[in-house]
>>> print(open('run_34.pdb').read())   # PDB, C-alpha atoms and all ligand atoms
ATOM      1  CA  MET A 291      -3.504 -19.281  32.057
ATOM      2  CA  ARG A 292      -7.175 -19.157  31.146
ATOM      3  CA  ASN A 293      -7.021 -15.364  31.046
ATOM      4  CA  ILE A 294      -4.008 -15.491  28.782
ATOM      5  CA  THR A 295      -5.802 -17.892  26.445
ATOM      6  CA  ILE A 296      -8.872 -15.656  26.317
ATOM      7  CA  ALA A 297      -6.722 -12.606  25.677
ATOM      8  CA  LEU A 298      -4.827 -14.375  22.903
ATOM      9  CA  THR A 299      -8.032 -15.616  21.289
ATOM     10  CA  ALA A 300      -9.511 -12.129  21.419
ATOM     11  CA  ALA A 301      -6.338 -10.688  19.884
ATOM     12  CA  ALA A 302      -6.308 -13.344  17.159
ATOM     13  CA  SER A 303      -9.946 -12.780  16.230
ATOM     14  CA  ALA A 304      -9.507  -9.001  16.282
ATOM     15  CA  PHE A 305      -6.598  -9.455  13.914
ATOM     16  CA  ALA A 306      -8.592 -11.821  11.672
ATOM     17  CA  GLY A 307     -11.430  -9.285  11.640
ATOM     18  CA  LEU A 308      -8.999  -6.592  10.691
ATOM     19  CA  LEU A 309      -7.606  -8.666   7.835
ATOM     20  CA  GLN A 310     -11.115  -9.418   6.651
ATOM     21  CA  ALA A 311     -12.030  -5.727   6.793
ATOM     22  CA  GLN A 312      -9.042  -5.259   4.531
ATOM     23  CA  MET A 313     -10.757  -7.001   1.608
ATOM     24  CA  ASN A 314     -13.794  -5.893  -0.398
ATOM     25  CA  PRO A 315     -16.873  -8.113  -0.841
ATOM     26  CA  PRO A 316     -16.928  -9.679  -4.357
ATOM     27  CA  ASP A 317     -19.841  -7.491  -5.534
ATOM     28  CA  THR A 318     -18.136  -4.176  -4.698
ATOM     29  CA  LYS A 319     -18.724  -1.686  -7.477
ATOM     30  CA  VAL A 320     -15.636  -0.245  -9.145
ATOM     31  CA  THR A 321     -15.636   3.351 -10.397
ATOM     32  CA  LEU A 322     -13.153   5.175 -12.595
ATOM     33  CA  ARG A 323     -11.990   8.746 -12.095
ATOM     34  CA  GLN A 324      -9.627  10.749 -14.246
ATOM     35  CA  LEU A 325      -6.956  12.640 -12.294
ATOM     36  CA  ALA A 326      -5.071  14.126 -15.246
ATOM     37  CA  PRO A 327      -4.960  13.386 -18.984
ATOM     38  CA  GLY A 328      -4.019   9.709 -19.321
ATOM     39  CA  HIS A 329      -4.055   9.128 -15.567
ATOM     40  CA  TYR A 330      -6.871   7.470 -13.672
ATOM     41  CA  VAL A 331      -7.785   6.001 -10.346
ATOM     42  CA  LEU A 332     -10.054   2.981  -9.986
ATOM     43  CA  ILE A 333     -11.954   3.064  -6.725
ATOM     44  CA  ALA A 334     -13.517   0.041  -5.012
ATOM     45  CA  GLY A 335     -14.733   0.593  -1.450
ATOM     46  CA  ARG A 336     -11.798   2.097   0.450
ATOM     47  CA  PHE A 337      -9.241   0.918  -2.095
ATOM     48  CA  ASN A 338      -7.637   2.869  -4.915
ATOM     49  CA  SER A 339      -5.719   1.501  -7.856
ATOM     50  CA  GLY A 340      -3.924   3.475 -10.556
ATOM     51  CA  VAL A 341      -4.171   3.320 -14.341
ATOM     52  CA  ILE A 342      -1.773   4.982 -16.761
ATOM     53  CA  ALA A 343      -3.157   5.015 -20.299
ATOM     54  CA  THR A 344      -0.852   5.327 -23.291
ATOM     55  CA  SER A 345      -1.420   4.905 -27.030
ATOM     56  CA  GLU A 346       0.152   1.432 -26.797
ATOM     57  CA  GLY A 347      -1.721   0.062 -23.807
ATOM     58  CA  ALA A 348      -2.377   0.642 -20.141
ATOM     59  CA  VAL A 349      -0.332   0.070 -16.998
ATOM     60  CA  VAL A 350      -2.205  -0.813 -13.819
ATOM     61  CA  VAL A 351      -0.752  -0.034 -10.403
ATOM     62  CA  ASP A 352      -2.147  -2.641  -7.978
ATOM     63  CA  ALA A 353      -5.004  -5.055  -8.614
ATOM     64  CA  ILE A 354      -7.811  -4.717  -6.066
ATOM     65  CA  ALA A 355      -8.955  -7.960  -4.410
ATOM     66  CA  PRO A 356     -10.880 -10.157  -4.685
ATOM     67  CA  GLU A 357     -10.612 -11.556  -8.202
ATOM     68  CA  GLU A 358     -14.191 -10.478  -9.116
ATOM     69  CA  VAL A 359     -13.371  -6.848  -8.320
ATOM     70  CA  ALA A 360     -10.117  -7.014 -10.301
ATOM     71  CA  ARG A 361     -12.079  -8.426 -13.243
ATOM     72  CA  GLN A 362     -14.409  -5.405 -13.079
ATOM     73  CA  GLN A 363     -11.337  -3.176 -12.949
ATOM     74  CA  ARG A 364     -10.085  -4.695 -16.161
ATOM     75  CA  GLU A 365     -13.477  -4.479 -17.911
ATOM     76  CA  LEU A 366     -13.751  -0.809 -16.984
ATOM     77  CA  ILE A 367     -10.303  -0.092 -18.444
ATOM     78  CA  ALA A 368     -11.347  -1.828 -21.673
ATOM     79  CA  SER A 369     -14.733  -0.089 -21.947
ATOM     80  CA  GLU A 370     -13.907   3.414 -20.655
ATOM     81  CA  ILE A 371     -10.257   3.859 -21.596
ATOM     82  CA  GLY A 372     -10.278   1.490 -24.568
ATOM     83  CA  GLN A 373      -6.790   0.139 -23.991
ATOM     84  CA  PRO A 374      -5.536  -3.363 -23.287
ATOM     85  CA  VAL A 375      -3.582  -3.799 -20.060
ATOM     86  CA  LYS A 376       0.110  -4.413 -20.808
ATOM     87  CA  TYR A 377       1.614  -4.279 -17.308
ATOM     88  CA  LEU A 378       0.474  -4.762 -13.747
ATOM     89  CA  VAL A 379       2.788  -3.224 -11.155
ATOM     90  CA  SER A 380       2.157  -4.555  -7.647
ATOM     91  CA  SER A 381       3.485  -2.818  -4.575
ATOM     92  CA  THR A 382       2.064  -4.663  -1.584
ATOM     93  CA  PHE A 383       2.188  -8.454  -1.280
ATOM     94  CA  HIS A 384      -0.798  -8.416   1.134
ATOM     95  CA  ASP A 385      -3.925 -10.255  -0.062
ATOM     96  CA  ASN A 386      -5.946  -7.038  -0.513
ATOM     97  CA  TYR A 387      -3.630  -6.039  -3.369
ATOM     98  CA  SER A 388      -2.317  -9.395  -4.602
ATOM     99  CA  LYS A 389      -5.360 -11.698  -4.768
ATOM    100  CA  GLY A 390      -6.696  -9.595  -7.649
ATOM    101  CA  ASN A 391      -3.538 -10.400  -9.649
ATOM    102  CA  ILE A 392      -5.363 -13.544 -10.818
ATOM    103  CA  ALA A 393      -7.483 -11.378 -13.149
ATOM    104  CA  PHE A 394      -4.248 -10.077 -14.713
ATOM    105  CA  HIS A 395      -2.524 -13.472 -15.045
ATOM    106  CA  ASP A 396      -1.802 -12.913 -18.755
ATOM    107  CA  VAL A 397      -0.042  -9.510 -18.532
ATOM    108  CA  ILE A 398       3.525  -8.650 -17.530
ATOM    109  CA  LYS A 399       3.444  -8.535 -13.728
ATOM    110  CA  VAL A 400       6.118  -6.437 -12.041
ATOM    111  CA  GLY A 401       7.214  -6.100  -8.414
ATOM    112  CA  THR A 402      10.392  -5.800  -6.362
ATOM    113  CA  GLU A 403      12.458  -8.894  -5.607
ATOM    114  CA  ARG A 404      11.418  -8.579  -1.983
ATOM    115  CA  TYR A 405       7.726  -8.349  -2.977
ATOM    116  CA  ARG A 406       8.140 -11.656  -4.830
ATOM    117  CA  THR A 407       9.795 -13.329  -1.821
ATOM    118  CA  ASP A 408       7.150 -12.061   0.609
ATOM    119  CA  LEU A 409       4.239 -12.967  -1.683
ATOM    120  CA  ARG A 410       5.584 -16.486  -2.208
ATOM    121  CA  GLU A 411       5.945 -16.954   1.556
ATOM    122  CA  LEU A 412       2.422 -15.606   2.215
ATOM    123  CA  MET A 413       0.910 -18.015  -0.322
ATOM    124  CA  ARG A 414       2.980 -20.949   0.921
ATOM    125  CA  ARG A 415       1.772 -20.365   4.478
ATOM    126  CA  GLY A 416      -1.807 -19.942   3.255
ATOM    127  CA  ASN A 417      -1.680 -23.252   1.332
ATOM    128  CA  VAL A 418      -2.645 -21.453  -1.872
ATOM    129  CA  SER A 419      -2.972 -23.790  -4.894
ATOM    130  CA  SER A 420      -0.025 -23.882  -7.281
ATOM    131  CA  GLU A 421      -2.301 -22.633 -10.061
ATOM    132  CA  GLU A 422      -3.259 -19.531  -8.052
ATOM    133  CA  GLN A 423       0.356 -19.001  -7.037
ATOM    134  CA  LYS A 424       1.383 -18.954 -10.688
ATOM    135  CA  ALA A 425      -1.372 -16.450 -11.543
ATOM    136  CA  ARG A 426      -0.374 -14.087  -8.718
ATOM    137  CA  MET A 427       3.420 -14.191  -8.892
ATOM    138  CA  PRO A 428       5.332 -11.466 -10.748
ATOM    139  CA  THR A 429       6.840 -12.324 -14.123
ATOM    140  CA  GLN A 430       9.467  -9.613 -13.817
ATOM    141  CA  THR A 431      11.259  -8.249 -10.755
ATOM    142  CA  PHE A 432      13.681  -5.430 -10.074
ATOM    143  CA  ARG A 433      15.776  -4.171  -7.184
ATOM    144  CA  ASP A 434      15.899  -0.348  -7.278
ATOM    145  CA  LYS A 435      14.546   0.859 -10.578
ATOM    146  CA  MET A 436      12.928  -0.364 -13.754
ATOM    147  CA  THR A 437      11.940   1.887 -16.641
ATOM    148  CA  VAL A 438       9.043   1.086 -18.954
ATOM    149  CA  TYR A 439       8.797   2.906 -22.303
ATOM    150  CA  LEU A 440       5.273   2.661 -23.611
ATOM    151  CA  GLY A 441       3.365   4.797 -26.114
ATOM    152  CA  GLY A 442       5.774   7.714 -25.799
ATOM    153  CA  LYS A 443       5.681   7.677 -22.007
ATOM    154  CA  GLU A 444       8.553   6.912 -19.693
ATOM    155  CA  LEU A 445       7.416   5.237 -16.497
ATOM    156  CA  GLU A 446       9.839   4.881 -13.611
ATOM    157  CA  ILE A 447       9.056   1.981 -11.318
ATOM    158  CA  LEU A 448      11.032   2.645  -8.157
ATOM    159  CA  TYR A 449      11.950   1.037  -4.871
ATOM    160  CA  LEU A 450      12.901   3.887  -2.527
ATOM    161  CA  GLY A 451      13.291   1.998   0.744
ATOM    162  CA  ARG A 452      11.178   0.170   3.301
ATOM    163  CA  GLY A 453       7.836   1.506   4.398
ATOM    164  CA  HIS A 454       4.443  -0.199   4.460
ATOM    165  CA  THR A 455       6.345  -3.426   3.715
ATOM    166  CA  ALA A 456       9.971  -4.263   2.933
ATOM    167  CA  GLY A 457       9.381  -4.245  -0.829
ATOM    168  CA  ASP A 458       6.965  -1.472  -1.854
ATOM    169  CA  SER A 459       7.115  -0.052  -5.379
ATOM    170  CA  ILE A 460       5.982   3.317  -6.630
ATOM    171  CA  VAL A 461       5.341   4.355 -10.229
ATOM    172  CA  TYR A 462       6.535   7.832 -11.166
ATOM    173  CA  VAL A 463       5.775   9.528 -14.475
ATOM    174  CA  PRO A 464       8.057  12.608 -14.520
ATOM    175  CA  GLN A 465       6.660  14.117 -17.744
ATOM    176  CA  ASP A 466       3.158  14.195 -16.225
ATOM    177  CA  ARG A 467       4.304  15.096 -12.685
ATOM    178  CA  ILE A 468       2.371  12.263 -11.045
ATOM    179  CA  ALA A 469       3.384   9.378  -8.765
ATOM    180  CA  TYR A 470       1.374   6.327  -7.743
ATOM    181  CA  LEU A 471       2.338   5.422  -4.183
ATOM    182  CA  SER A 472       0.155   2.420  -3.333
ATOM    183  CA  GLU A 473       0.045   1.657   0.396
ATOM    184  CA  LEU A 474       3.028   3.858   1.159
ATOM    185  CA  TYR A 475       0.397   6.599   1.260
ATOM    186  CA  PHE A 476      -2.733   6.427   3.448
ATOM    187  CA  HIS A 477      -4.567   9.667   2.683
ATOM    188  CA  GLU A 478      -6.122  11.074   5.881
ATOM    189  CA  GLU A 479      -6.050   7.618   7.463
ATOM    190  CA  PHE A 480      -3.773   6.116  10.096
ATOM    191  CA  PRO A 481      -1.094   3.955   8.406
ATOM    192  CA  PHE A 482      -1.420   0.161   8.476
ATOM    193  CA  MET A 483       1.750  -0.977  10.184
ATOM    194  CA  ALA A 484       1.517  -4.757  10.740
ATOM    195  CA  ASP A 485       4.450  -5.414   8.361
ATOM    196  CA  GLY A 486       5.675  -1.810   8.296
ATOM    197  CA  TYR A 487       8.948  -0.093   9.157
ATOM    198  CA  GLY A 488       7.910   3.300  10.501
ATOM    199  CA  ILE A 489      11.327   4.920  10.847
ATOM    200  CA  GLN A 490      12.379   3.905   7.330
ATOM    201  CA  TRP A 491       8.895   4.761   6.053
ATOM    202  CA  ILE A 492       9.529   8.391   7.112
ATOM    203  CA  GLU A 493      12.762   8.392   5.071
ATOM    204  CA  THR A 494      11.094   6.807   2.058
ATOM    205  CA  LEU A 495       8.287   9.371   2.099
ATOM    206  CA  GLY A 496      10.936  12.096   2.346
ATOM    207  CA  LYS A 497      12.433  10.845  -0.939
ATOM    208  CA  ILE A 498       8.963  10.731  -2.487
ATOM    209  CA  GLU A 499       8.197  14.303  -1.405
ATOM    210  CA  ALA A 500      11.377  15.367  -3.231
ATOM    211  CA  LEU A 501      10.040  14.027  -6.551
ATOM    212  CA  GLU A 502       8.969  16.629  -9.072
ATOM    213  CA  ALA A 503       5.304  15.692  -8.979
ATOM    214  CA  ASP A 504       2.058  17.514  -8.247
ATOM    215  CA  ILE A 505      -0.206  14.509  -7.753
ATOM    216  CA  PHE A 506       0.483  11.595  -5.392
ATOM    217  CA  VAL A 507      -2.015   8.779  -5.681
ATOM    218  CA  PRO A 508      -2.788   6.999  -2.381
ATOM    219  CA  ALA A 509      -3.964   3.385  -2.034
ATOM    220  CA  HIS A 510      -6.438   4.434   0.658
ATOM    221  CA  GLY A 511      -8.536   7.500   1.295
ATOM    222  CA  ILE A 512     -10.695   9.746  -0.853
ATOM    223  CA  ILE A 513      -8.603  11.796  -3.259
ATOM    224  CA  PRO A 514      -9.557  15.525  -3.011
ATOM    225  CA  ALA A 515     -11.538  17.179  -5.824
ATOM    226  CA  ASN A 516      -8.305  18.951  -6.710
ATOM    227  CA  PRO A 517      -5.806  16.045  -6.838
ATOM    228  CA  ARG A 518      -2.899  18.471  -6.394
ATOM    229  CA  GLU A 519      -3.916  18.783  -2.760
ATOM    230  CA  THR A 520      -2.385  15.343  -2.282
ATOM    231  CA  ARG A 521       1.057  16.962  -1.949
ATOM    232  CA  ASP A 522      -0.150  18.456   1.342
ATOM    233  CA  GLY A 523      -1.929  15.220   2.215
ATOM    234  CA  LEU A 524       1.305  13.304   1.748
ATOM    235  CA  ARG A 525       3.158  15.734   4.010
ATOM    236  CA  ARG A 526       0.519  15.168   6.698
ATOM    237  CA  ALA A 527       0.751  11.390   6.266
ATOM    238  CA  ARG A 528       4.519  11.589   6.848
ATOM    239  CA  GLN A 529       3.945  13.910   9.803
ATOM    240  CA  ARG A 530       1.770  11.264  11.495
ATOM    241  CA  LEU A 531       4.643   8.775  11.331
ATOM    242  CA  ILE A 532       7.042  11.415  12.684
ATOM    243  CA  ALA A 533       4.632  12.060  15.574
ATOM    244  CA  VAL A 534       4.656   8.352  16.486
ATOM    245  CA  ARG A 535       8.442   8.193  16.186
ATOM    246  CA  ASP A 536       8.943  11.258  18.394
ATOM    247  CA  ALA A 537       6.535   9.974  21.037
ATOM    248  CA  VAL A 538       8.268   6.583  21.128
ATOM    249  CA  GLN A 539      11.691   8.209  21.324
ATOM    250  CA  GLN A 540      10.530  10.289  24.265
ATOM    251  CA  GLN A 541       9.270   7.174  26.048
ATOM    252  CA  ILE A 542      12.536   5.349  25.399
ATOM    253  CA  ALA A 543      14.486   8.317  26.768
ATOM    254  CA  ARG A 544      12.435   7.988  29.973
ATOM    255  CA  GLY A 545      13.339   4.311  30.195
ATOM    256  CA  ALA A 546       9.869   3.006  29.272
ATOM    257  CA  THR A 547       9.424  -0.627  28.247
ATOM    258  CA  GLU A 548       7.531  -1.390  25.042
ATOM    259  CA  ASP A 549       4.319  -2.095  26.989
ATOM    260  CA  GLN A 550       4.702   1.114  29.002
ATOM    261  CA  ALA A 551       5.186   3.075  25.776
ATOM    262  CA  VAL A 552       2.021   1.530  24.297
ATOM    263  CA  ALA A 553       0.045   2.489  27.425
ATOM    264  CA  ALA A 554       1.450   6.016  27.595
ATOM    265  CA  ILE A 555       1.219   7.053  23.957
ATOM    266  CA  GLN A 556      -2.115   8.380  22.680
ATOM    267  CA  PHE A 557      -2.878  10.769  19.858
ATOM    268  CA  PRO A 558      -6.264  12.402  20.512
ATOM    269  CA  GLU A 559      -5.842  14.373  17.269
ATOM    270  CA  TYR A 560      -5.779  11.110  15.259
ATOM    271  CA  GLU A 561      -8.682   9.381  16.992
ATOM    272  CA  GLY A 562     -11.068  10.292  14.193
ATOM    273  CA  LEU A 563      -8.848   8.735  11.533
ATOM    274  CA  ARG A 564      -9.737   5.404  10.009
ATOM    275  CA  GLY A 565      -7.344   2.717  11.234
ATOM    276  CA  TYR A 566      -6.257   4.533  14.384
ATOM    277  CA  PRO A 567      -8.019   2.292  16.959
ATOM    278  CA  GLN A 568      -6.630  -0.881  15.348
ATOM    279  CA  GLN A 569      -3.207   0.375  14.334
ATOM    280  CA  LYS A 570      -1.957   2.779  17.022
ATOM    281  CA  ASP A 571      -0.558   0.098  19.342
ATOM    282  CA  ILE A 572       0.977  -1.840  16.448
ATOM    283  CA  ALA A 573       2.659   1.317  15.155
ATOM    284  CA  VAL A 574       4.102   2.121  18.597
ATOM    285  CA  ARG A 575       5.365  -1.448  19.066
ATOM    286  CA  ARG A 576       7.024  -1.737  15.684
ATOM    287  CA  ILE A 577       8.642   1.692  15.889
ATOM    288  CA  TYR A 578       9.825   0.937  19.435
ATOM    289  CA  GLN A 579      11.421  -2.269  18.153
ATOM    290  CA  GLU A 580      12.853  -0.509  15.117
ATOM    291  CA  ILE A 581      14.559   2.112  17.307
ATOM    292  CA  LYS A 582      15.854  -0.573  19.686
ATOM    293  CA  GLY A 583      17.139  -2.647  16.759
ATOM    294  CA  THR A 584      15.050  -5.682  17.681
ATOM    295  CA  LEU A 585      12.559  -5.555  14.797
ATOM    296  CA  ARG A 586      12.879  -8.792  12.845
TER     297      ARG A 586
HETATM  298 ZN    ZN B 601      -0.736  -3.757   2.658
END
>>> encode(input="run_34.pdb", output="structure tokens")
Amino acid sequence: MRNITIALTAAASAFAGLLQAQMNPPDTKVTLRQLAPGHYVLIAGRFNSGVIATSEGAVVVDAIAPEEVARQQRELIASEIGQPVKYLVSSTFHDNYSKGNIAFHDVIKVGTERYRTDLRELMRRGNVSSEEQKARMPTQTFRDKMTVYLGGKELEILYLGRGHTAGDSIVYVPQDRIAYLSELYFHEEFPFMADGYGIQWIETLGKIEALEADIFVPAHGIIPANPRETRDGLRRARQRLIAVRDAVQQQIARGATEDQAVAAIQFPEYEGLRGYPQQKDIAVRRIYQEIKGTLR
């Protein structure tokens, strides 16, 4: 019993550490990089956020937490791009991309219906004040698609299926051949799977790869000097999920239990990737459960 308690405590603190590592310190410096005319990425630590600038205002894809960092994000958009923020599109309900929403409390905040449900539940469980809840919640939701017409640009905000969470959004700008993928895309990192659906994630990324775009903006990872190389990066990110799926399927075919699959499956080729040591077992477990139909 004592051993079980120690093991559980260790697991809980490892998980807490992981969640903490997921958020930037308040003094993290934010930098702005142009990817294409009118398209930018804001970088804070290991987090990326997108900005689409039009003649009638800017659209931000994901606020980076904490609030102080998101405030810097907004100041940088005002000083460097010279546009007011009109919309904030949020993909992930997790704190690392929703706590910064507070700094955008006065703009139109968009997310999927499922994002709204999951964010509300997260804040309820975290005993977040009603004032903060109001500042973080979306003001507009959609199910499959919402189109924003702004400054001559047509922005498609899309839900293409489950992946990193059950309610991820992407923002696709067909005329500029660019798509902002948030945490559906971990560039040269191992995917964070704690609330993920690996099998469906593979399908969702398949739909994204079919989009007529040259640049895919990831939430994590350093975007190559030539941003068009992200099409290959995205293919590799999907391939990593396929590798986990195939390995789990093989274990299931041999009659392995979930624990046996976790023990048997290793990917030496991914060991150097950020997130692998923390996420490999979680990815195997969730995909095992997804295949078996027991994932809640
Ligand atoms: Zn997330």
>>> closest_atom_pairs(input="run_34.pdb", of="stretch 492-530 of chain A", to="stretch 460-483 of chain A", cutoff="8 Å", atoms="all atoms listed in the file", output="JSON lines")
{"residue": "A:Leu495", "atom": "CA", "partner": "A:Leu474", "partner_atom": "CA", "distance": 7.7}
{"residue": "A:Glu502", "atom": "CA", "partner": "A:Arg467", "partner_atom": "CA", "distance": 6.1}
{"residue": "A:Ala503", "atom": "CA", "partner": "A:Arg467", "partner_atom": "CA", "distance": 3.9}
{"residue": "A:Asp504", "atom": "CA", "partner": "A:Arg467", "partner_atom": "CA", "distance": 5.5}
{"residue": "A:Ile505", "atom": "CA", "partner": "A:Ile468", "partner_atom": "CA", "distance": 4.7}
{"residue": "A:Phe506", "atom": "CA", "partner": "A:Ala469", "partner_atom": "CA", "distance": 5.0}
{"residue": "A:Val507", "atom": "CA", "partner": "A:Tyr470", "partner_atom": "CA", "distance": 4.7}
{"residue": "A:Pro508", "atom": "CA", "partner": "A:Tyr475", "partner_atom": "CA", "distance": 4.9}
{"residue": "A:Ala509", "atom": "CA", "partner": "A:Ser472", "partner_atom": "CA", "distance": 4.4}
{"residue": "A:His510", "atom": "CA", "partner": "A:Phe476", "partner_atom": "CA", "distance": 5.0}
{"residue": "A:Gly511", "atom": "CA", "partner": "A:His477", "partner_atom": "CA", "distance": 4.7}
{"residue": "A:Ile512", "atom": "CA", "partner": "A:His477", "partner_atom": "CA", "distance": 7.1}
{"residue": "A:Ile513", "atom": "CA", "partner": "A:His477", "partner_atom": "CA", "distance": 7.5}
{"residue": "A:Thr520", "atom": "CA", "partner": "A:His477", "partner_atom": "CA", "distance": 7.9}
{"residue": "A:Gly523", "atom": "CA", "partner": "A:His477", "partner_atom": "CA", "distance": 6.2}
{"residue": "A:Leu524", "atom": "CA", "partner": "A:Tyr475", "partner_atom": "CA", "distance": 6.8}
{"residue": "A:Arg526", "atom": "CA", "partner": "A:Glu478", "partner_atom": "CA", "distance": 7.8}
{"residue": "A:Ala527", "atom": "CA", "partner": "A:His477", "partner_atom": "CA", "distance": 6.6}
{"residue": "A:Arg530", "atom": "CA", "partner": "A:Phe480", "partner_atom": "CA", "distance": 7.7}
>>> resolve_selection(input="run_34.pdb", expression="the PyMOL selection byres (((chain A and resi 370) around 12) and not hetatm)", output="PDB file with C-alpha atoms, in the coordinates of the input")
ATOM      1  CA  THR A 321     -15.636   3.351 -10.397  1.00  0.00           C
ATOM      2  CA  LEU A 322     -13.153   5.175 -12.595  1.00  0.00           C
ATOM      3  CA  ARG A 323     -11.990   8.746 -12.095  1.00  0.00           C
ATOM      4  CA  GLN A 324      -9.627  10.749 -14.246  1.00  0.00           C
ATOM      5  CA  GLY A 328      -4.019   9.709 -19.321  1.00  0.00           C
ATOM      6  CA  TYR A 330      -6.871   7.470 -13.672  1.00  0.00           C
ATOM      7  CA  LEU A 332     -10.054   2.981  -9.986  1.00  0.00           C
ATOM      8  CA  VAL A 341      -4.171   3.320 -14.341  1.00  0.00           C
ATOM      9  CA  ALA A 343      -3.157   5.015 -20.299  1.00  0.00           C
ATOM     10  CA  ALA A 348      -2.377   0.642 -20.141  1.00  0.00           C
ATOM     11  CA  GLN A 362     -14.409  -5.405 -13.079  1.00  0.00           C
ATOM     12  CA  GLN A 363     -11.337  -3.176 -12.949  1.00  0.00           C
ATOM     13  CA  ARG A 364     -10.085  -4.695 -16.161  1.00  0.00           C
ATOM     14  CA  GLU A 365     -13.477  -4.479 -17.911  1.00  0.00           C
ATOM     15  CA  LEU A 366     -13.751  -0.809 -16.984  1.00  0.00           C
ATOM     16  CA  ILE A 367     -10.303  -0.092 -18.444  1.00  0.00           C
ATOM     17  CA  ALA A 368     -11.347  -1.828 -21.673  1.00  0.00           C
ATOM     18  CA  SER A 369     -14.733  -0.089 -21.947  1.00  0.00           C
ATOM     19  CA  ILE A 371     -10.257   3.859 -21.596  1.00  0.00           C
ATOM     20  CA  GLY A 372     -10.278   1.490 -24.568  1.00  0.00           C
ATOM     21  CA  GLN A 373      -6.790   0.139 -23.991  1.00  0.00           C
ATOM     22  CA  PRO A 374      -5.536  -3.363 -23.287  1.00  0.00           C
TER      23      PRO A 374
END
>>> residues_near_ligand(input="run_34.pdb", ligand="ligand ZN 601 (chain B)", cutoff="8 Å", atoms="all atoms listed in the file", output="list in words")
Thr382, Phe383, His384, Asp385, Asn386, Tyr387, His454, Thr455, Glu473, Phe482 and Asp485 of chain A
>>> residues_around(input="run_34.pdb", residues="stretch 431-437 of chain A", least_positions_apart="3", cutoff="7 Å", atoms="only C-alpha atoms", output="PDB file with C-alpha atoms, in the frame of the given file")
ATOM      1  CA  VAL A 400       6.118  -6.437 -12.041  1.00  0.00           C
ATOM      2  CA  GLY A 401       7.214  -6.100  -8.414  1.00  0.00           C
ATOM      3  CA  THR A 402      10.392  -5.800  -6.362  1.00  0.00           C
ATOM      4  CA  GLU A 403      12.458  -8.894  -5.607  1.00  0.00           C
ATOM      5  CA  PRO A 428       5.332 -11.466 -10.748  1.00  0.00           C
ATOM      6  CA  GLU A 444       8.553   6.912 -19.693  1.00  0.00           C
ATOM      7  CA  LEU A 445       7.416   5.237 -16.497  1.00  0.00           C
ATOM      8  CA  GLU A 446       9.839   4.881 -13.611  1.00  0.00           C
ATOM      9  CA  ILE A 447       9.056   1.981 -11.318  1.00  0.00           C
ATOM     10  CA  LEU A 448      11.032   2.645  -8.157  1.00  0.00           C
ATOM     11  CA  TYR A 449      11.950   1.037  -4.871  1.00  0.00           C
TER      12      TYR A 449
END
>>> atom_distance(input="run_34.pdb", atom1="atom CA of A:Pro514", atom2="atom CA of A:Pro327")
16.8 Å
>>> closest_residue(input="run_34.pdb", among="A:Asp571, A:Asp352, A:Glu346, A:Glu493", to="A:Phe557", atoms="only C-alpha atoms")
A:Asp571
>>> resolve_selection(input="run_34.pdb", expression="the PyMOL selection byres (((chain A and resi 534) around 10) and not hetatm)", output="JSON, numbers by chain")
{"A": [488, 489, 529, 530, 531, 532, 533, 535, 536, 537, 538, 539, 540, 555, 556, 557, 570, 573, 574, 577, 578]}
>>> atom_distance(input="run_34.pdb", atom1="atom CA of A:Gln568", atom2="atom CA of A:Gln312")
11.9 Å
>>> closest_residue(input="run_34.pdb", among="A:Val379, A:Ala360, A:Leu412, A:Ala484", to="A:Ile392", atoms="only C-alpha atoms")
A:Ala360
>>> atom_distance(input="run_34.pdb", atom1="atom CA of A:Gly457", atom2="atom CA of A:Ser419")
23.5 Å
>>> residues_near_point(input="run_34.pdb", point="(-5.3, -15.2, -0.7)", cutoff="7 Å", atoms="only C-alpha atoms", output="PyMOL selection string")
chain A and resi 385+389+413+418
>>> closest_residue(input="run_34.pdb", among="A:Lys319, A:Arg414, A:Arg576, A:Lys497", to="A:Asp549", atoms="only C-alpha atoms")
A:Arg576
>>> resolve_selection(input="run_34.pdb", expression="the PyMOL selection byres (((chain A and resi 426) around 7) and not hetatm)", output="ChimeraX atom specification")
/A:388-389,391-392,395,422-425,427-428
>>> closest_residue(input="run_34.pdb", among="A:Ala393, A:Ala551, A:Val375, A:Ile542", to="A:Leu440", atoms="only C-alpha atoms")
A:Val375
>>> closest_residue(input="run_34.pdb", among="A:Val552, A:Leu409, A:Ile342, A:Ile581", to="A:Gln490", atoms="all atoms listed in the file")
A:Ile581
>>> residues_around(input="run_34.pdb", residues="A:Gly453", least_positions_apart="6", cutoff="6 Å", atoms="all atoms listed in the file", output="PyMOL selection string")
chain A and resi 486-487+490-491
